[in-house]
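Report on one structure; see the data block that follows.
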Amino acid sequence: MYKQSLDHLSERLLPAPRNGGFRMEDYWVWCGSAVKGEDGRFHLFASRWPKWLPMHPGWLVASEIVRASADQPEGPYQFEEVVLPARGAEYWDGRSTHNPHIVKHGELYILYYMGSTHPLSDPLAEEEITLEDPRVIVARANKRVGIAVSKSVFGPWERRDEPILHTRPGRFDSFLTSNPAPCVDEDGSVMLIYKARRYEGNVHGQMTIGCARAEHVLGPYRVLSDEPVFPPERFHVEDPFVWRTEQGYELIAKDMEGTLCGEKHGGIHAFSKDGTDWQLFDSPKSYSRTVLWDDGERQTMGNLERPFILFQDGKPTHLFAAMADGPGGFRHATRTWNQVIPIGEKSFDDKNKD
């Protein structure tokens, strides 16, 4: 089933319920991807890691993917279980799982995610974890995209011993692969947009976006080009979410500099006929960091990113996003959570005029 085109998304976002989404008091909560389960309820897959670690880069060494559930899409979601826990340094995803994106195809649930590992000691509460920590350096270089599969939203989940997207020496994705954004067709074929970085000496280069395809959700996955699909000098974006329409593909993503949508860390909206050649819509802004709450307050969040749109019967109904308080920047946050924002049939301002 093709999904609706979604022009002017930013104008269709309804007030966000204060008591919606997913929070955990003693954890940083990030990412967020939802699906309607076989029980008729809504299941949110998110990342968490303990708050005695810094929000960034603590996720690189201790993130785990969890499942929460709710009776309605906007929540509030209640924690249910850890889905992909740590499983040992010898596994490619043995020390951290992050960036979940849940998809249902036929009778299968496919959980795309980023995994990483390192062979060093676990962090302790009294330690200071920074980007210069050897565990963080190794874990960042070991980021890879993989999948876990289950016949039930409740599991058990079959994890693989290899990622689906390895790095490629000498290419734009020679350092890492991460942030999977799959678009699964009815025949099971997949277009997968992902984040990558290149080795530049002994460190990584700038953020880029690649595209891979597979004839079936279980793979194998093949990267389509030796160059990024978004020229990094023109499209400095992160956290893509992609869907299929009758005309081709659409995508929303985080504008890293604000040069594309007019707001730093706001959302862009782009389209493509084939998934490799992307153009901005005439009205390219898909969302803002400024949120209208259901109590009438407007608030500019420190972070609003990792967008995910829940489609029901082909129609977009809810935007999920990772949120943080504070003035902006991961290191200034004191709370993070996944927020759900309902999407209206038309502009919220137009609706208020009726």
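Following the order of the structure tokens, first chain is A, next is B, and so on, with residues numbered from 1 inside each chain and ligands from 1 in the order they appear.
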Practice item. Mind checking which residues fall within 9 Å of A:Asp71, counting only C-alpha atoms, ignoring those fewer than 2 positions away in the same chain, and posting them as number ranges by chain? Key: A: 40-43, 69, 73-77
Residue selection dump (N, CA and C atoms) as a PDB file, in the first residue's frame:
ATOM      1  N   GLY A  40      -3.479  -5.585  19.009  1.00  0.00           N
ATOM      2  CA  GLY A  40      -4.266  -4.392  18.751  1.00  0.00           C
ATOM      3  C   GLY A  40      -3.798  -3.160  19.496  1.00  0.00           C
ATOM      4  N   ARG A  41      -2.761  -3.278  20.306  1.00  0.00           N
ATOM      5  CA  ARG A  41      -2.219  -2.144  21.047  1.00  0.00           C
ATOM      6  C   ARG A  41      -0.989  -1.610  20.310  1.00  0.00           C
ATOM      7  N   PHE A  42      -0.465  -0.493  20.775  1.00  0.00           N
ATOM      8  CA  PHE A  42       0.667   0.153  20.123  1.00  0.00           C
ATOM      9  C   PHE A  42       1.936  -0.100  20.937  1.00  0.00           C
ATOM     10  N   HIS A  43       2.998  -0.434  20.216  1.00  0.00           N
ATOM     11  CA  HIS A  43       4.258  -0.831  20.849  1.00  0.00           C
ATOM     12  C   HIS A  43       5.373   0.074  20.341  1.00  0.00           C
ATOM     13  N   SER A  69       4.476  -0.041  25.769  1.00  0.00           N
ATOM     14  CA  SER A  69       3.184  -0.229  25.108  1.00  0.00           C
ATOM     15  C   SER A  69       2.155   0.768  25.623  1.00  0.00           C
ATOM     16  N   PRO A  73      -2.015   5.581  20.191  1.00  0.00           N
ATOM     17  CA  PRO A  73      -0.701   5.919  19.622  1.00  0.00           C
ATOM     18  C   PRO A  73       0.069   6.976  20.399  1.00  0.00           C
ATOM     19  N   GLU A  74      -0.646   7.991  20.950  1.00  0.00           N
ATOM     20  CA  GLU A  74       0.069   9.071  21.623  1.00  0.00           C
ATOM     21  C   GLU A  74       0.541   8.699  23.027  1.00  0.00           C
ATOM     22  N   GLY A  75       0.126   7.536  23.528  1.00  0.00           N
ATOM     23  CA  GLY A  75       0.553   7.100  24.845  1.00  0.00           C
ATOM     24  C   GLY A  75      -0.373   7.601  25.941  1.00  0.00           C
ATOM     25  N   PRO A  76       0.085   7.645  27.189  1.00  0.00           N
ATOM     26  CA  PRO A  76       1.469   7.385  27.611  1.00  0.00           C
ATOM     27  C   PRO A  76       1.852   5.914  27.512  1.00  0.00           C
ATOM     28  N   TYR A  77       3.126   5.678  27.168  1.00  0.00           N
ATOM     29  CA  TYR A  77       3.654   4.328  27.018  1.00  0.00           C
ATOM     30  C   TYR A  77       4.280   3.856  28.335  1.00  0.00           C
TER      31      TYR A  77
END
Exercise for review: Tell me, as a PyMOL selection string, which residues lie within 12 Å of A:Gly201, counting only C-alpha atoms; anything in the same chain fewer than 2 positions away does not count.
Suggested key: chain A and resi 170+174-175+198-199+203-205
Residues as selected, N, CA, C and O atoms, written as an mmCIF file, in the first residue's frame, can you do that?
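Output saved as out_9.cif:
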data_model
loop_
_atom_site.group_PDB
_atom_site.id
_atom_site.type_symbol
_atom_site.label_atom_id
_atom_site.label_comp_id
_atom_site.auth_asym_id
_atom_site.auth_seq_id
_atom_site.Cartn_x
_atom_site.Cartn_y
_atom_site.Cartn_z
ATOM 1 N N GLY A 170 37.783 2.696 1.702
ATOM 2 C CA GLY A 170 37.967 3.657 0.636
ATOM 3 C C GLY A 170 36.718 4.380 0.186
ATOM 4 O O GLY A 170 36.786 5.270 -0.664
ATOM 5 N N SER A 174 33.425 4.081 5.029
ATOM 6 C CA SER A 174 34.542 3.243 5.480
ATOM 7 C C SER A 174 34.707 3.239 6.993
ATOM 8 O O SER A 174 35.343 2.334 7.545
ATOM 9 N N PHE A 175 34.151 4.242 7.696
ATOM 10 C CA PHE A 175 34.350 4.340 9.151
ATOM 11 C C PHE A 175 33.205 3.700 9.930
ATOM 12 O O PHE A 175 33.426 2.944 10.870
ATOM 13 N N ARG A 198 33.313 8.502 6.695
ATOM 14 C CA ARG A 198 34.514 7.992 6.045
ATOM 15 C C ARG A 198 35.713 8.099 6.993
ATOM 16 O O ARG A 198 35.781 9.010 7.815
ATOM 17 N N TYR A 199 36.623 7.149 6.879
ATOM 18 C CA TYR A 199 37.915 7.313 7.558
ATOM 19 C C TYR A 199 38.679 8.453 6.899
ATOM 20 O O TYR A 199 38.819 8.504 5.672
ATOM 21 N N VAL A 203 40.850 9.217 12.113
ATOM 22 C CA VAL A 203 39.588 9.685 12.675
ATOM 23 C C VAL A 203 38.533 9.696 11.572
ATOM 24 O O VAL A 203 38.799 9.371 10.421
ATOM 25 N N HIS A 204 37.310 10.085 11.967
ATOM 26 C CA HIS A 204 36.211 10.057 11.006
ATOM 27 C C HIS A 204 36.013 11.406 10.346
ATOM 28 O O HIS A 204 36.325 12.459 10.908
ATOM 29 N N GLY A 205 35.439 11.368 9.132
ATOM 30 C CA GLY A 205 35.095 12.572 8.409
ATOM 31 C C GLY A 205 33.678 13.014 8.711
ATOM 32 O O GLY A 205 33.050 12.573 9.676
#
Review point. Neighbours of A:Phe45 within 12 Å (only C-alpha atoms; same-chain residues fewer than 4 positions away dropped), as an MDAnalysis selection string?
Key: chainID A and resid 21:22 29:37 64:70 77:84 97:103 109:113 153:154 308 320 322 338
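Contact shell of A:Asp274 at 10 Å (only C-alpha atoms; same-chain neighbours under 6 positions omitted): Met191, Gln247, Gly248 and Tyr249 of chain A.
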Practice item. Can you work out which one of A:Ile343, A:Ala139, A:Ala46, A:Ile209 has the shortest atom-to-atom distance to A:Leu13, counting only C-alpha atoms? Key: A:Ile343
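In terms of minimum interatomic distance to A:Arg18, A:Trp293 ranks closest within A:Trp293, A:Phe330, A:Phe241, A:Trp52, counting only C-alpha atoms.
Of note, atom CA of A:Val237 and atom CA of A:Tyr2 are spaced 25.0 Å apart.
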I'd like a table as JSON lines: residues in stretch 54-153 of chain A with an atom no more than 9 Å from stretch 217-228 of chain A, each row giving the shortest atom pair and its distance in Å to one decimal, only C-alpha atoms counted, sorted by chain and rising residue number.
{"residue": "A:His105", "atom": "CA", "partner": "A:Val217", "partner_atom": "CA", "distance": 8.2}
{"residue": "A:Ile110", "atom": "CA", "partner": "A:Val217", "partner_atom": "CA", "distance": 7.6}
{"residue": "A:Ile147", "atom": "CA", "partner": "A:Leu218", "partner_atom": "CA", "distance": 8.1}
{"residue": "A:Val149", "atom": "CA", "partner": "A:Leu218", "partner_atom": "CA", "distance": 8.6}
Restricted to C-alpha atoms, what would the selected residues look like written as a CSV table (one decimal), in the first residue's frame?
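Saved the output as selection_16.csv:
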chain,number,residue,atom,x,y,z
A,105,HIS,CA,6.0,-7.2,6.8
A,110,ILE,CA,11.8,-6.6,11.6
A,147,ILE,CA,18.3,-6.4,12.1
A,149,VAL,CA,13.5,-10.6,13.5
**Study point:** Who sits within 8 Å of A:Arg160, only C-alpha atoms, same chain under 3 positions skipped, as a PyMOL selection string
**Key:** chain A and resi 146-148+163
Selected residues written out, all heavy atoms, as a short mmCIF file (atom, residue, chain, number, x, y, z; two decimals), in the first residue's frame:
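Produced file selection19.cif, reproduced below:
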data_model
loop_
_atom_site.label_atom_id
_atom_site.label_comp_id
_atom_site.auth_asym_id
_atom_site.auth_seq_id
_atom_site.Cartn_x
_atom_site.Cartn_y
_atom_site.Cartn_z
N GLY A 146 22.13 -3.32 11.69
CA GLY A 146 21.73 -4.72 11.65
C GLY A 146 20.22 -4.86 11.82
O GLY A 146 19.49 -3.87 11.91
N ILE A 147 19.76 -6.10 11.86
CA ILE A 147 18.34 -6.37 12.07
C ILE A 147 18.18 -7.51 13.08
O ILE A 147 19.06 -8.37 13.23
CB ILE A 147 17.60 -6.76 10.77
CG1 ILE A 147 18.24 -7.99 10.11
CG2 ILE A 147 17.52 -5.59 9.81
CD1 ILE A 147 17.45 -8.52 8.93
N ALA A 148 17.04 -7.49 13.77
CA ALA A 148 16.57 -8.61 14.57
C ALA A 148 15.14 -8.91 14.10
O ALA A 148 14.41 -8.00 13.70
CB ALA A 148 16.59 -8.27 16.06
N PRO A 163 26.28 -7.75 10.95
CA PRO A 163 25.41 -6.64 10.55
C PRO A 163 24.97 -6.80 9.10
O PRO A 163 25.54 -7.59 8.34
CB PRO A 163 26.30 -5.41 10.73
CG PRO A 163 27.70 -5.94 10.58
CD PRO A 163 27.68 -7.34 11.12
#
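Nearest residue to A:Asp26, choosing from A:Cys211, A:Cys183, A:Met55, A:Met323 and counting only C-alpha atoms: A:Met55.
Distance-wise, atom CA of A:Leu292 and atom CA of A:Ile341 end up 9.4 Å apart.
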Output as CSV one row per residue of stretch 130-170 of chain A within 8 Å of stretch 115-126 of chain A: the closest atom pair and its distance in Å to one decimal place, counting only C-alpha atoms, sorted by chain and residue number ascending.
residue,atom,partner,partner_atom,distance
A:Arg135,CA,A:Leu120,CA,6.2
A:Val138,CA,A:His118,CA,5.9
A:Ala139,CA,A:Thr117,CA,5.4
A:Arg140,CA,A:Ser116,CA,7.4
A:Asn142,CA,A:Ser116,CA,5.2
A:Lys143,CA,A:Ser116,CA,4.7
A:Arg144,CA,A:Gly115,CA,5.5
A:Val145,CA,A:Gly115,CA,6.4
A:Gly146,CA,A:Gly115,CA,6.9
Please produce a file of the residues just selected, as a short mmCIF file (atom, residue, chain, number, x, y, z; two decimals), in the first residue's frame, where the atoms kept are all heavy atoms.
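For reference, out-v6.cif as written:
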data_model
loop_
_atom_site.label_atom_id
_atom_site.label_comp_id
_atom_site.auth_asym_id
_atom_site.auth_seq_id
_atom_site.Cartn_x
_atom_site.Cartn_y
_atom_site.Cartn_z
N ARG A 135 36.88 3.61 25.29
CA ARG A 135 35.68 2.81 25.00
C ARG A 135 34.78 3.51 24.00
O ARG A 135 34.20 2.88 23.10
CB ARG A 135 34.93 2.53 26.30
CG ARG A 135 35.65 1.57 27.22
CD ARG A 135 35.11 1.62 28.62
NE ARG A 135 35.43 2.88 29.29
CZ ARG A 135 35.44 3.04 30.60
NH1 ARG A 135 35.13 2.05 31.40
NH2 ARG A 135 35.74 4.21 31.13
N VAL A 138 36.48 3.47 20.40
CA VAL A 138 36.35 2.17 19.75
C VAL A 138 34.89 1.88 19.39
O VAL A 138 34.58 1.40 18.29
CB VAL A 138 36.92 1.05 20.65
CG1 VAL A 138 36.70 -0.32 20.02
CG2 VAL A 138 38.41 1.28 20.89
N ALA A 139 33.98 2.19 20.31
CA ALA A 139 32.56 1.93 20.05
C ALA A 139 32.05 2.74 18.87
O ALA A 139 31.26 2.23 18.07
CB ALA A 139 31.73 2.23 21.29
N ARG A 140 32.49 3.98 18.75
CA ARG A 140 32.04 4.79 17.60
C ARG A 140 32.52 4.18 16.29
O ARG A 140 31.76 4.09 15.32
CB ARG A 140 32.54 6.22 17.74
CG ARG A 140 32.32 7.07 16.50
CD ARG A 140 32.66 8.52 16.74
NE ARG A 140 31.49 9.24 17.25
CZ ARG A 140 31.54 10.48 17.71
NH1 ARG A 140 32.70 11.12 17.77
NH2 ARG A 140 30.44 11.08 18.13
N ASN A 142 33.01 1.16 15.68
CA ASN A 142 32.39 -0.15 15.47
C ASN A 142 30.88 -0.07 15.21
O ASN A 142 30.21 -1.10 15.18
CB ASN A 142 32.64 -1.05 16.68
CG ASN A 142 34.03 -1.65 16.67
OD1 ASN A 142 34.61 -1.87 15.60
ND2 ASN A 142 34.58 -1.92 17.84
N LYS A 143 30.33 1.12 15.04
CA LYS A 143 28.89 1.25 14.77
C LYS A 143 28.54 0.61 13.43
O LYS A 143 29.17 0.90 12.41
CB LYS A 143 28.47 2.72 14.77
CG LYS A 143 28.52 3.38 16.13
CD LYS A 143 28.38 4.88 16.03
CE LYS A 143 27.04 5.30 15.47
NZ LYS A 143 26.89 6.78 15.45
N ARG A 144 27.51 -0.25 13.45
CA ARG A 144 27.05 -0.93 12.23
C ARG A 144 25.53 -1.07 12.28
O ARG A 144 24.93 -1.14 13.36
CB ARG A 144 27.68 -2.33 12.08
CG ARG A 144 29.19 -2.38 12.09
CD ARG A 144 29.80 -1.78 10.83
NE ARG A 144 31.24 -1.95 10.84
CZ ARG A 144 32.12 -1.07 11.34
NH1 ARG A 144 31.67 0.06 11.89
NH2 ARG A 144 33.41 -1.31 11.30
N VAL A 145 24.91 -1.20 11.12
CA VAL A 145 23.46 -1.39 11.01
C VAL A 145 23.15 -2.88 10.92
O VAL A 145 23.80 -3.62 10.18
CB VAL A 145 22.90 -0.67 9.77
CG1 VAL A 145 21.45 -1.06 9.51
CG2 VAL A 145 23.02 0.84 9.94
N GLY A 146 22.13 -3.32 11.69
CA GLY A 146 21.73 -4.72 11.65
C GLY A 146 20.22 -4.86 11.82
O GLY A 146 19.49 -3.87 11.91
#
Exercise for review: Please return as a ChimeraX atom specification: the residues of stretch 241-350 of chain A that backbone DSSP assigns to strand (DSSP E).
Suggested key: /A:241-245,248-255,267-272,279-287,290-292,298-300,303-312,315-324,336-342
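With only C-alpha atoms as the basis for measurement, A:Ile309 is the residue among A:Ile129, A:Ile309, A:Ala141, A:Met301 that approaches A:Glu250 most closely.
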Exercise for review: Just the residues within 9 Å of A:Lys346, please, counting only C-alpha atoms, with nothing from its chain fewer than 6 positions along; format it as a list in words.
Suggested key: His8, Leu9, Glu11, Arg12 and Leu13 of chain A
Exercise for review: Tell me which protein, DNA and RNA residues are within 12 Å of A:Pro231, counting only C-alpha atoms, leaving out same-chain ones fewer than 5 positions away, and put them as a PyMOL selection string.
Suggested key: chain A and resi 172+206-210+226+236-237+276-279
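Counting only C-alpha atoms, the residue from A:Thr167, A:Leu131, A:Gln4, A:Arg23 that sits nearest to A:Trp59 is A:Leu131.
Counting only C-alpha atoms, the residue from A:Asp173, A:Arg197, A:Leu108, A:Gly267 that sits nearest to A:Gly155 is A:Leu108.
Residues of stretch 125-201 of chain A assigned to alpha helix (DSSP H) by DSSP on this structure's backbone: Pro134, Arg135, Val136, Ile137, Val138, Ala139, Arg140 and Ala141 of chain A.
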For N, CA and C atoms, I'd like the residues from the last selection saved as a PDB file, in the first residue's frame.
ATOM      1  N   PRO A 134      38.676   5.792  25.647  1.00  0.00           N
ATOM      2  CA  PRO A 134      38.980   4.731  24.672  1.00  0.00           C
ATOM      3  C   PRO A 134      37.769   3.879  24.317  1.00  0.00           C
ATOM      4  N   ARG A 135      36.878   3.612  25.289  1.00  0.00           N
ATOM      5  CA  ARG A 135      35.683   2.814  25.000  1.00  0.00           C
ATOM      6  C   ARG A 135      34.779   3.513  23.997  1.00  0.00           C
ATOM      7  N   VAL A 136      34.669   4.826  24.142  1.00  0.00           N
ATOM      8  CA  VAL A 136      33.831   5.607  23.224  1.00  0.00           C
ATOM      9  C   VAL A 136      34.456   5.647  21.832  1.00  0.00           C
ATOM     10  N   ILE A 137      35.750   5.838  21.774  1.00  0.00           N
ATOM     11  CA  ILE A 137      36.441   5.896  20.480  1.00  0.00           C
ATOM     12  C   ILE A 137      36.267   4.585  19.720  1.00  0.00           C
ATOM     13  N   VAL A 138      36.479   3.473  20.405  1.00  0.00           N
ATOM     14  CA  VAL A 138      36.351   2.165  19.749  1.00  0.00           C
ATOM     15  C   VAL A 138      34.893   1.876  19.387  1.00  0.00           C
ATOM     16  N   ALA A 139      33.975   2.193  20.308  1.00  0.00           N
ATOM     17  CA  ALA A 139      32.560   1.929  20.051  1.00  0.00           C
ATOM     18  C   ALA A 139      32.052   2.737  18.869  1.00  0.00           C
ATOM     19  N   ARG A 140      32.486   3.977  18.749  1.00  0.00           N
ATOM     20  CA  ARG A 140      32.042   4.787  17.600  1.00  0.00           C
ATOM     21  C   ARG A 140      32.521   4.178  16.286  1.00  0.00           C
ATOM     22  N   ALA A 141      33.756   3.735  16.239  1.00  0.00           N
ATOM     23  CA  ALA A 141      34.284   3.141  15.007  1.00  0.00           C
ATOM     24  C   ALA A 141      33.627   1.804  14.685  1.00  0.00           C
TER      25      ALA A 141
END
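If you look at atom CA of A:Ile252 and atom CA of A:Glu38, they are 28.0 Å away from each other.
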